[in-house]
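Some notes on the structure that comes next.
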Amino acid sequence: MSNAVFIKQHFGHAEKNNYLNVSKGWKSWAFTLDHKRIGVMYLIGITTALLLAGVFALVLRSELFIPGKMFLTEAQYNRMFTLHGAIMVFSFIIPSIPAALGNFVLPMMLGAKDVAFPRMNLMSFYLWVIGTFFLVVAMLTNSLDTGWTFYTPYSIRTSTGVVAATFGTFVLGFSSIFTGLNFLVTVNTMRAPGMTWFKMPLFVWGIYATAIIQVLATPILGITLLLLIAERVLQIGIFDPKYGGDPVLFQHFFWFYSHPAVYIMILPGMGIISDLMAVYCRKKIFGYSFIAFSSVAIAILGFLVWGHHMFTSGQSEVVTLIFSAITFSVAIPSAVKVFNWLATMYKGCISLVTPMLYAMSFIFLFGIGGLTGLFLGALRTDIHLHDTYFVVAHFHYVMVGGTLTALFGGLYHWWPKMFGRMYNELWGRIGCLLVFIGFNLTFFPQFVMGSRGMARRYARYDPEFQIFHQWSTVGALILGAGIVIAIATLVHAVFRGKLCGGNPFGAASLEWQSSSPPSFHNFDHKIVLNDPYDFDSQIYDPDLDSYVQRSFTVPGQEPVPGKPQTV
Amino acid sequence: MTSEHGDHHDDHEHGEFIAHHFESAEQQFDAGKLGIWAFLVTEVLFFTGLFCAYVLYRFHHPEIFVQAHHFLDKILGGGNTIVLLFSSLTMALAVRASQLGQNRTVATMVLVTMVCASIFLGVKAVEYSHKWDIGIFVRAHFSLDESHHPKGISPYLTMISIIPLILLFVFGAMALLYRFTNSLFRAAFWGGMTLMVAGYFIGAIGGYFYMKVGGGDAHSTAGKVIEHHDDHADGHDPGDDHAQESASESQPAGGAHDHETRDLHHDIGIFFSIYYCMTGLHAIHVVGGIVALAWIFYRSLLGHWRSDYFGPVDYVGLYWHLVDLIWIFLFPLLYLIN
Amino acid sequence: MTAPHDAHDHHGFAHPVSKSLLYVVFIVLVGLTVLTVVANDWPLGSLDIWVAMAIATTKAFFVMAFFMHMWWEKGLNVAVFLSSLLFVMLFIGLTLLDTESYREDVERFPIFDRPDSSSVGPPIAPQK
């Protein structure tokens with residue numbers, strides 16, 4: 001029956017003629033303009049950065065196992081935490097979800113063949129490579145000990161390799177701008193006919209809000225870092241008090257980017273969680289437009305709160321009050337999202353597969369991370385908690401507990417789509433569990449010791465904090481093992497996993513209306529536009545062991561070869 | 001803001017220059033257009049950091065700005081403004097011609113735009129080298145000594161001009177080479193490039209003679225500083241107290257103009273730090289613009305533009321107008337202060 | 001307003017602006033440039049910066065509206081570009097509001113260390 005053949009061809013496992021094997025040789029990857037291949041290259045890149053910076057983190061934690069010196073001097077410790085922070089933030093978290101997963105999934109979700117500017121997309125990747133290379137060069141040659149924030153005047157005086165690291169970060173900034181600009185234009189102009197704004201999956205809304213921030217905030221980072229380089233090389237005196245400059249101005253410049261950058265890190269993760277919640281609860285997402293608009297609201301509000309990083313920097317009282325008040329208001333759209341996710345789970349048909357486990361741990365960890373942020377936004381408590389482990393724990397709960405968890409959830413969700421193979425469910429769950437336990441064991445004790453006065457960025461500490469540090473170090477090792485298992489499970493799936501069809505999870509957004517792995521043009525047939533959260537539109541096909549769009553199973557309605565247009 | 005693709009374009013075949021992932025020429029144009037506008041947004045915000053530094057220091061130290069702007073020549077600055085405005089006009093005409101498919105006009109207009117850009121850079125080189133001659137550098141290296149003004153051509157100007165000089169010979173040689181091997185298209189392109197670099201020398205030589213003849217030399221600017229400083233000498237200058245002690249530290253003793261320069265605010269170099277950052281970054285954008293324009297020039301000679309494919313000219317044009325736009329604000333902020 | 005488009009018959013999305021309009025805009029821009037240079041010598045007191053900025057903004061309007069075709073541009077693109085100005089104002093405004101308050105601390109800093117400013121640094125010594 002021709003219908004079944006068509007369906008197998010368009011919705012089954014694509015052994016031949018998929019984007020992975022459409023062309024061969026290293027050149028076909030190095031010069032590819034295909035958003036899927038660029039996404040995969042990005043994925044390899046950011047995983048390398050994650051492992052590198054993760055090793056630094058483990059070294060740091062091991063050093064802190066005892067109060068005195070174990071194997072790092074104070075100066076080496078300073079360099080370690082700086083590189084951990086800089087590489088994690090600039091080379092891993094910021095590009096992670098948008099540039100790797102977003103690149104792969106976003107054009108398909110919109111029913112497009114590619115992003116709007118494929119060359120710019122490839123250039124973004126190479127800028128990432130160059131920028132990361134400079135960070136690593138800075139690390140290998142003269143290292144860097146300013147902390148990832150490069151605060152003046154110390155960053156002007158220190159003898160370490162600030163210029164190389166700053167230049168690397170500058171280039172990474174442009175990589176991020178290019179990604180954001182590309183997605184902004186793609187979402188605006190590349191949607192398939194009939195794909196209106198409110199038919200887009202919420203992941204797209206998350207990426208779109210992120211793209212707005214990337215385009216608006218990152219240039220300020222660029223000019224800040226250029227000025228810092230000029231300050232070091234030419235002594236222009238804008239940030240250097242020795243020459244009548246204003247060191248706090250640097251903090252204004254830096255946080256005008258870097259606070260919105262926090263939302264660059266978390267918004268795509270929130271988008272992933274919104275989609276995972278709906279798919280694995282088999283239920284229409286609750287409050288679609290609230291989740292969509294709260295992403296944009298967070299993006300906008302994110303520009304109004306940068307001063308809350310500077311409460312103790314000598315900032316004026318008026319400005320401090322304004323920033324504190326607006327900081328609290330960010331909690332509103334964040335809470336809107338959390339409640340909508342919970343409402344989606346309510347009476348849903350929850351299947352506790354690996355992506356869903358990650359999604360649920362995201363809600364838990366992000367809840368803790370978000371709520372502890374309120375303590376830091378309050379002026380009085382912030383004076384006490386500022387620059388303690390409480391802050392460290394807070395942002396790790398948001399960035400690792402939030403973004404990294406969402407990234408893994410998204411990877412496990414889209415992995416069968418990306419590589420056409422299913423991962424081992426048991427090992428996926430074990431990895432998730434270890435990440436969850438290890439993470440909490442690492443960072444929860446840090447809340448306690450932070451509130452008792454353990455300052456961050458110190459290599460030595462009082463013995464009274466030792467027990468917390470030891471818990472934390474043990475947790476870090478478990479977390480590291482969990483991450484390694486999670487990655488190993490995915491890598492194993494690429495080579496040894498069970499073959500799977502186009503839509504093994506029965507998700508309804510457009511990227512699942514293709515073969516797995518997708519073909520070079522994403523869709524070789526006219527797609528059918530449906531509500532991305534209407535799971536009744538997908539019916540199970542036992543031949544393929546996969547789901548198929550309902551209308552294609554009706555005789556005479558089989559997919560028509562052609563451009564990706566709606567029928 | 002729903003998309004409006006495919007509602008009024010006919011379903012013709014993919015044209016020569018339509019990338020595979022676009023449905024139509026119009027979709028490609030719309031995407032490019034939004035992309036370039038978003039890019040201009042990043043450019044505006046990129047410069048915002050500098051504008052912010054400018055506003056802060058001007059707000060907190062107006063006296064520095066009043067003193068410092070006398071070292072900038074508003075005739076050269078104003079002339080450069082008009083050169084850039086004219087290049088914007090020719091760019092707009094080039095975009096118009098490309099929309100009508102008049103490739104020869106596009107080529108001419110883009111060439112004029114590039115020459116204007118080079119003239120701008122030439123004038124800028126004269127301004128910079130003049131300042132470096134008399135020791136006006138960024139904050140930490142600021143050591144004004146007007147007696148150091150050289151009699152002939154500034155060594156700094158010679159140094160800056162080496163690169164354009166090399167380019168002039170290389171491009172000229174390429175043009176001649178292709179002229180005599182009868183590949184006229186290439187000859188035309190490299191000839192255009194030669195003209196473009198020649199623009200730098202028009203600007204530099206013009207600026208140089210203006211400085212020599214037109215009264216823009218160092219001594220009269222210094223004279224203005226003294227005059228104006230007398231106006232402001234009634235003690236509202238908060239930095240005056242330690243200006244006295246610090247000036248003696250930063251100045252070599254015994255200069256002919258010792259007594260005028262001693263009155264300068266000790267942080268006056270910050271103005272020039274901001275000046276060099278702003279104009280330098282702007283100049284980098286002008287150079288980038290020239291490279292982009294050269295690409296447009298090349299494709300115009302190939303006759304690529306037609307009424308349904310002129311996007312690149314339009315995008316480069318928008319970028320060029322933004323460079324002009326930034327200068328429109330830089331000029332009064334830096335040169336016209338009272 | 002002069003007729004925005006030529007009478008040329010063209011299809012699709014190309015909207016050539018009339019040449020005469022471009023020339024007029026250029027002349028206006030040159031006129032405004034001359035005006036702003038001349039106005040610099042007028043005794044305007046502290047108003048001068050605002051006059052100069054007003055003239056610059058007028059010039060920017062002409063460049064954006066006609067040279068950059070914003071007058072006929074899609075609403076979305078205009079909104080995208082103009083929204084950047086909002087963030088410019090936000091950034092400069094809040095930063096200015098704040099730096100005002102701690103300005104004295106910054107001003108005080110160099111006085112401690114002059115005149116031998118070569119070995120100046122904040123109290124924290126860089127670690128080797």
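Each chain of the structure tokens is named A, B, ... in the order shown, its residues numbered from 1; ligands are numbered from 1 in display order.
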Please tabulate, as a tab-separated table, the residues of chain A that come within 6 Å of chain B, each with its closest pair of atoms and the distance in Å to one decimal, counting only C-alpha atoms and ordering rows by chain, then residue number upward.
residue	atom	partner	partner_atom	distance
A:Lys113	CA	B:His21	CA	5.2
A:Asp114	CA	B:His21	CA	5.8
A:Val185	CA	B:Gly35	CA	5.9
A:Thr189	CA	B:Ala31	CA	5.7
A:Val215	CA	B:Thr42	CA	5.9
A:Pro219	CA	B:Phe46	CA	4.6
A:Ile220	CA	B:Phe46	CA	5.4
A:Ile223	CA	B:Phe46	CA	5.7
A:Gln235	CA	B:Ala140	CA	5.4
A:Ile236	CA	B:Arg139	CA	5.0
A:Gly237	CA	B:Arg139	CA	5.6
Could you list the residues in chain C lying within 7 Å of chain B, using only C-alpha atoms, and format the result as a ChimeraX atom specification? /C:12-14,16-17,22,26,30,40,48,52,56,60,67-68,77,80-81,84,88,92,96,115
Would you mind writing down, as number ranges by chain, each residue of stretch 29-82 of chain A that DSSP on the backbone assigns to alpha helix (DSSP H)? A: 29-30, 35-63, 74-82
How would the residues just chosen look if you wrote them out with N, CA and C atoms as a tab-separated table (two decimals), in the first residue's frame?
chain	number	residue	atom	x	y	z
A	29	TRP	N	31.46	18.99	6.57
A	29	TRP	CA	31.06	19.46	7.90
A	29	TRP	C	31.63	20.84	8.16
A	30	ALA	N	32.92	21.04	7.84
A	30	ALA	CA	33.57	22.30	8.21
A	30	ALA	C	32.95	23.48	7.47
A	35	HIS	N	21.77	24.09	9.16
A	35	HIS	CA	21.60	24.43	10.57
A	35	HIS	C	21.72	23.21	11.47
A	36	LYS	N	21.37	22.02	10.95
A	36	LYS	CA	21.42	20.83	11.80
A	36	LYS	C	22.87	20.44	12.07
A	37	ARG	N	23.68	20.48	11.02
A	37	ARG	CA	25.09	20.14	11.23
A	37	ARG	C	25.78	21.17	12.11
A	38	ILE	N	25.46	22.45	11.90
A	38	ILE	CA	26.07	23.48	12.74
A	38	ILE	C	25.65	23.25	14.19
A	39	GLY	N	24.38	22.87	14.38
A	39	GLY	CA	23.92	22.58	15.73
A	39	GLY	C	24.71	21.45	16.36
A	40	VAL	N	24.97	20.40	15.57
A	40	VAL	CA	25.72	19.27	16.11
A	40	VAL	C	27.16	19.68	16.43
A	41	MET	N	27.75	20.50	15.55
A	41	MET	CA	29.12	20.95	15.82
A	41	MET	C	29.16	21.79	17.09
A	42	TYR	N	28.16	22.66	17.23
A	42	TYR	CA	28.07	23.45	18.45
A	42	TYR	C	27.95	22.54	19.67
A	43	LEU	N	27.16	21.51	19.52
A	43	LEU	CA	26.93	20.60	20.64
A	43	LEU	C	28.24	19.97	21.08
A	44	ILE	N	29.04	19.55	20.11
A	44	ILE	CA	30.35	18.97	20.46
A	44	ILE	C	31.20	20.02	21.15
A	45	GLY	N	31.17	21.24	20.60
A	45	GLY	CA	31.97	22.31	21.18
A	45	GLY	C	31.59	22.60	22.62
A	46	ILE	N	30.30	22.81	22.86
A	46	ILE	CA	29.92	23.22	24.21
A	46	ILE	C	30.13	22.07	25.19
A	47	THR	N	30.00	20.83	24.72
A	47	THR	CA	30.25	19.71	25.64
A	47	THR	C	31.71	19.70	26.06
A	48	THR	N	32.60	19.98	25.09
A	48	THR	CA	34.02	20.07	25.44
A	48	THR	C	34.24	21.14	26.49
A	49	ALA	N	33.63	22.32	26.26
A	49	ALA	CA	33.79	23.42	27.21
A	49	ALA	C	33.25	23.02	28.58
A	50	LEU	N	32.10	22.33	28.58
A	50	LEU	CA	31.50	21.91	29.85
A	50	LEU	C	32.44	20.98	30.61
A	51	LEU	N	33.01	20.02	29.89
A	51	LEU	CA	33.88	19.06	30.57
A	51	LEU	C	35.14	19.75	31.08
A	52	LEU	N	35.70	20.65	30.25
A	52	LEU	CA	36.91	21.37	30.67
A	52	LEU	C	36.65	22.18	31.93
A	53	ALA	N	35.60	23.01	31.87
A	53	ALA	CA	35.30	23.86	33.02
A	53	ALA	C	34.84	23.02	34.20
A	54	GLY	N	34.20	21.87	33.91
A	54	GLY	CA	33.78	20.98	34.98
A	54	GLY	C	34.96	20.39	35.73
A	55	VAL	N	36.02	20.08	34.99
A	55	VAL	CA	37.23	19.57	35.64
A	55	VAL	C	37.80	20.63	36.58
A	56	PHE	N	37.81	21.89	36.12
A	56	PHE	CA	38.27	22.96	37.01
A	56	PHE	C	37.45	22.98	38.29
A	57	ALA	N	36.13	22.83	38.12
A	57	ALA	CA	35.26	22.88	39.29
A	57	ALA	C	35.62	21.76	40.26
A	58	LEU	N	35.88	20.58	39.72
A	58	LEU	CA	36.22	19.46	40.62
A	58	LEU	C	37.55	19.72	41.32
A	59	VAL	N	38.49	20.33	40.61
A	59	VAL	CA	39.77	20.65	41.25
A	59	VAL	C	39.54	21.64	42.40
A	60	LEU	N	38.70	22.64	42.13
A	60	LEU	CA	38.40	23.63	43.17
A	60	LEU	C	37.79	22.98	44.39
A	61	ARG	N	36.79	22.14	44.12
A	61	ARG	CA	36.08	21.51	45.24
A	61	ARG	C	37.03	20.60	46.01
A	62	SER	N	37.91	19.90	45.32
A	62	SER	CA	38.82	19.00	46.02
A	62	SER	C	39.75	19.81	46.92
A	63	GLU	N	40.23	20.93	46.40
A	63	GLU	CA	41.10	21.77	47.21
A	63	GLU	C	40.41	22.21	48.50
A	74	GLU	N	47.23	29.86	46.71
A	74	GLU	CA	46.13	30.82	46.61
A	74	GLU	C	46.01	31.36	45.19
A	75	ALA	N	47.17	31.68	44.58
A	75	ALA	CA	47.14	32.27	43.24
A	75	ALA	C	46.58	31.26	42.23
A	76	GLN	N	47.00	29.99	42.38
A	76	GLN	CA	46.47	28.97	41.46
A	76	GLN	C	44.97	28.80	41.65
A	77	TYR	N	44.53	28.89	42.91
A	77	TYR	CA	43.11	28.77	43.20
A	77	TYR	C	42.34	29.89	42.50
A	78	ASN	N	42.89	31.14	42.60
A	78	ASN	CA	42.22	32.27	41.94
A	78	ASN	C	42.09	32.03	40.45
A	79	ARG	N	43.13	31.48	39.86
A	79	ARG	CA	43.08	31.25	38.41
A	79	ARG	C	42.07	30.16	38.07
A	80	MET	N	42.04	29.16	38.91
A	80	MET	CA	41.10	28.05	38.66
A	80	MET	C	39.66	28.54	38.66
A	81	PHE	N	39.28	29.30	39.70
A	81	PHE	CA	37.86	29.69	39.74
A	81	PHE	C	37.53	30.70	38.65
A	82	THR	N	38.53	31.51	38.27
A	82	THR	CA	38.29	32.45	37.17
A	82	THR	C	38.01	31.70	35.87
Could you list, as a PyMOL selection string, every residue of chain A that has an atom within 8 Å of an atom of chain C, counting only C-alpha atoms? chain A and resi 75+153-154+157-159+216+241-246+248-249+252+256+314-316+318-319
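Across the model, the gap from atom CA of C:Tyr23 to atom CA of C:Glu73 is 20.0 Å.
By chain and then residue number, the residues within 10 Å of A:Phe495 are Phe419, Arg421, Tyr423 and Leu490 of chain A, counting only C-alpha atoms and disregarding those fewer than 5 positions away in sequence.
Atom CA of B:Thr105 lies 12.6 Å from atom CA of B:Leu302.
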Env of A:Arg380: 12 Å cut, atoms = only C-alpha atoms, seq-sep filter 6 positions within chain, self excluded. Answer as a VMD selection string. chain A and resid 311 to 312 320 to 321 324 374 386
Just want the 12 Å neighbourhood of stretch 128-138 of chain A, counted on only C-alpha atoms, with same-chain residues fewer than 4 positions away dropped. Output as a short mmCIF file (atom, residue, chain, number, x, y, z; two decimals) with N, CA and C atoms, in the first residue's frame.
data_model
loop_
_atom_site.label_atom_id
_atom_site.label_comp_id
_atom_site.auth_asym_id
_atom_site.auth_seq_id
_atom_site.Cartn_x
_atom_site.Cartn_y
_atom_site.Cartn_z
N ILE A 38 25.46 22.45 11.90
CA ILE A 38 26.07 23.48 12.74
C ILE A 38 25.65 23.25 14.19
N MET A 41 27.75 20.50 15.55
CA MET A 41 29.12 20.95 15.82
C MET A 41 29.16 21.79 17.09
N TYR A 42 28.16 22.66 17.23
CA TYR A 42 28.07 23.45 18.45
C TYR A 42 27.95 22.54 19.67
N LEU A 43 27.16 21.51 19.52
CA LEU A 43 26.93 20.60 20.64
C LEU A 43 28.24 19.97 21.08
N ILE A 44 29.04 19.55 20.11
CA ILE A 44 30.35 18.97 20.46
C ILE A 44 31.20 20.02 21.15
N GLY A 45 31.17 21.24 20.60
CA GLY A 45 31.97 22.31 21.18
C GLY A 45 31.59 22.60 22.62
N ILE A 46 30.30 22.81 22.86
CA ILE A 46 29.92 23.22 24.21
C ILE A 46 30.13 22.07 25.19
N THR A 48 32.60 19.98 25.09
CA THR A 48 34.02 20.07 25.44
C THR A 48 34.24 21.14 26.49
N ALA A 49 33.63 22.32 26.26
CA ALA A 49 33.79 23.42 27.21
C ALA A 49 33.25 23.02 28.58
N LEU A 50 32.10 22.33 28.58
CA LEU A 50 31.50 21.91 29.85
C LEU A 50 32.44 20.98 30.61
N LEU A 52 35.70 20.65 30.25
CA LEU A 52 36.91 21.37 30.67
C LEU A 52 36.65 22.18 31.93
N ALA A 53 35.60 23.01 31.87
CA ALA A 53 35.30 23.86 33.02
C ALA A 53 34.84 23.02 34.20
N ARG A 79 43.13 31.48 39.86
CA ARG A 79 43.08 31.25 38.41
C ARG A 79 42.07 30.16 38.07
N THR A 82 38.53 31.51 38.27
CA THR A 82 38.29 32.45 37.17
C THR A 82 38.01 31.70 35.87
N LEU A 83 38.85 30.71 35.60
CA LEU A 83 38.67 29.98 34.33
C LEU A 83 37.42 29.14 34.37
N HIS A 84 37.13 28.56 35.53
CA HIS A 84 35.88 27.82 35.65
C HIS A 84 34.71 28.74 35.29
N GLY A 85 34.70 29.93 35.90
CA GLY A 85 33.58 30.85 35.65
C GLY A 85 33.54 31.33 34.22
N ALA A 86 34.70 31.79 33.72
CA ALA A 86 34.70 32.41 32.39
C ALA A 86 34.32 31.40 31.31
N ILE A 87 34.90 30.19 31.39
CA ILE A 87 34.59 29.22 30.33
C ILE A 87 33.16 28.72 30.46
N MET A 88 32.73 28.46 31.69
CA MET A 88 31.35 28.02 31.86
C MET A 88 30.37 29.05 31.33
N VAL A 89 30.57 30.32 31.71
CA VAL A 89 29.59 31.34 31.34
C VAL A 89 29.66 31.63 29.85
N PHE A 90 30.85 31.99 29.36
CA PHE A 90 30.92 32.53 28.00
C PHE A 90 31.00 31.44 26.93
N SER A 91 31.65 30.34 27.24
CA SER A 91 31.79 29.31 26.20
C SER A 91 30.76 28.20 26.32
N PHE A 92 30.20 28.04 27.51
CA PHE A 92 29.23 26.95 27.64
C PHE A 92 27.79 27.43 27.79
N ILE A 94 26.04 30.31 27.83
CA ILE A 94 25.37 31.25 26.93
C ILE A 94 25.09 30.63 25.56
N PRO A 95 26.06 29.97 24.92
CA PRO A 95 25.69 29.35 23.65
C PRO A 95 24.94 28.02 23.77
N SER A 96 24.93 27.41 24.97
CA SER A 96 24.51 26.01 25.03
C SER A 96 23.16 25.74 24.37
N ALA A 99 22.38 27.90 20.76
CA ALA A 99 23.22 27.62 19.60
C ALA A 99 23.26 26.14 19.25
N ALA A 100 23.14 25.25 20.24
CA ALA A 100 23.20 23.83 19.90
C ALA A 100 21.81 23.28 19.61
N ASN A 121 25.38 31.90 10.47
CA ASN A 121 25.27 30.83 11.47
C ASN A 121 26.60 30.10 11.59
N LEU A 122 27.17 29.76 10.44
CA LEU A 122 28.46 29.06 10.46
C LEU A 122 29.54 29.96 11.04
N MET A 123 29.47 31.23 10.68
CA MET A 123 30.46 32.18 11.18
C MET A 123 30.35 32.29 12.70
N SER A 124 29.12 32.27 13.19
CA SER A 124 28.92 32.31 14.64
C SER A 124 29.65 31.16 15.30
N ASN A 142 49.33 32.70 30.52
CA ASN A 142 49.54 33.50 31.72
C ASN A 142 48.37 33.39 32.67
N SER A 143 47.39 32.60 32.28
CA SER A 143 46.20 32.42 33.10
C SER A 143 45.50 33.75 33.37
N LEU A 144 44.58 33.73 34.29
CA LEU A 144 43.71 34.88 34.49
C LEU A 144 43.18 34.75 35.91
N ASP A 145 43.22 35.83 36.68
CA ASP A 145 42.79 35.67 38.07
C ASP A 145 41.84 36.78 38.51
N TRP A 148 35.38 35.92 36.65
CA TRP A 148 34.86 36.04 35.28
C TRP A 148 34.33 37.43 34.99
N SER A 159 48.93 41.03 36.64
CA SER A 159 49.91 40.71 35.59
C SER A 159 49.45 39.56 34.72
N THR A 160 48.26 39.02 34.99
CA THR A 160 47.82 37.84 34.23
C THR A 160 47.23 38.24 32.88
N GLY A 161 46.89 37.24 32.07
CA GLY A 161 46.54 37.48 30.67
C GLY A 161 45.14 38.01 30.44
N VAL A 162 44.90 39.22 30.95
CA VAL A 162 43.55 39.78 30.81
C VAL A 162 43.24 40.08 29.35
N VAL A 163 44.23 40.56 28.60
CA VAL A 163 43.93 41.00 27.24
C VAL A 163 43.48 39.83 26.37
N ALA A 164 44.20 38.71 26.45
CA ALA A 164 43.81 37.56 25.63
C ALA A 164 42.42 37.07 26.03
N ALA A 165 42.18 36.98 27.34
CA ALA A 165 40.88 36.48 27.79
C ALA A 165 39.77 37.43 27.40
N THR A 166 40.05 38.74 27.53
CA THR A 166 39.03 39.73 27.20
C THR A 166 38.73 39.69 25.71
N PHE A 167 39.78 39.57 24.92
CA PHE A 167 39.55 39.50 23.48
C PHE A 167 38.73 38.26 23.13
N GLY A 168 39.05 37.14 23.77
CA GLY A 168 38.29 35.93 23.53
C GLY A 168 36.82 36.13 23.85
N THR A 169 36.57 36.77 24.99
CA THR A 169 35.19 37.02 25.39
C THR A 169 34.49 37.96 24.41
N PHE A 170 35.23 38.95 23.94
CA PHE A 170 34.70 39.89 22.94
C PHE A 170 34.24 39.13 21.70
N VAL A 171 35.07 38.21 21.23
CA VAL A 171 34.72 37.43 20.04
C VAL A 171 33.52 36.53 20.34
N LEU A 172 33.51 35.93 21.53
CA LEU A 172 32.37 35.09 21.90
C LEU A 172 31.09 35.92 21.92
N GLY A 173 31.23 37.18 22.31
CA GLY A 173 30.07 38.08 22.30
C GLY A 173 29.50 38.21 20.90
N PHE A 174 30.39 38.36 19.92
CA PHE A 174 29.89 38.48 18.55
C PHE A 174 29.27 37.19 18.07
N SER A 175 29.85 36.07 18.49
CA SER A 175 29.23 34.79 18.15
C SER A 175 27.80 34.75 18.66
N SER A 176 27.63 35.22 19.89
CA SER A 176 26.30 35.21 20.50
C SER A 176 25.36 36.17 19.78
N ILE A 177 25.87 37.35 19.40
CA ILE A 177 25.02 38.31 18.67
C ILE A 177 24.55 37.70 17.36
N PHE A 178 25.46 37.04 16.66
CA PHE A 178 25.09 36.47 15.36
C PHE A 178 24.01 35.41 15.52
N THR A 179 24.17 34.56 16.54
CA THR A 179 23.14 33.56 16.76
C THR A 179 21.80 34.23 17.05
#
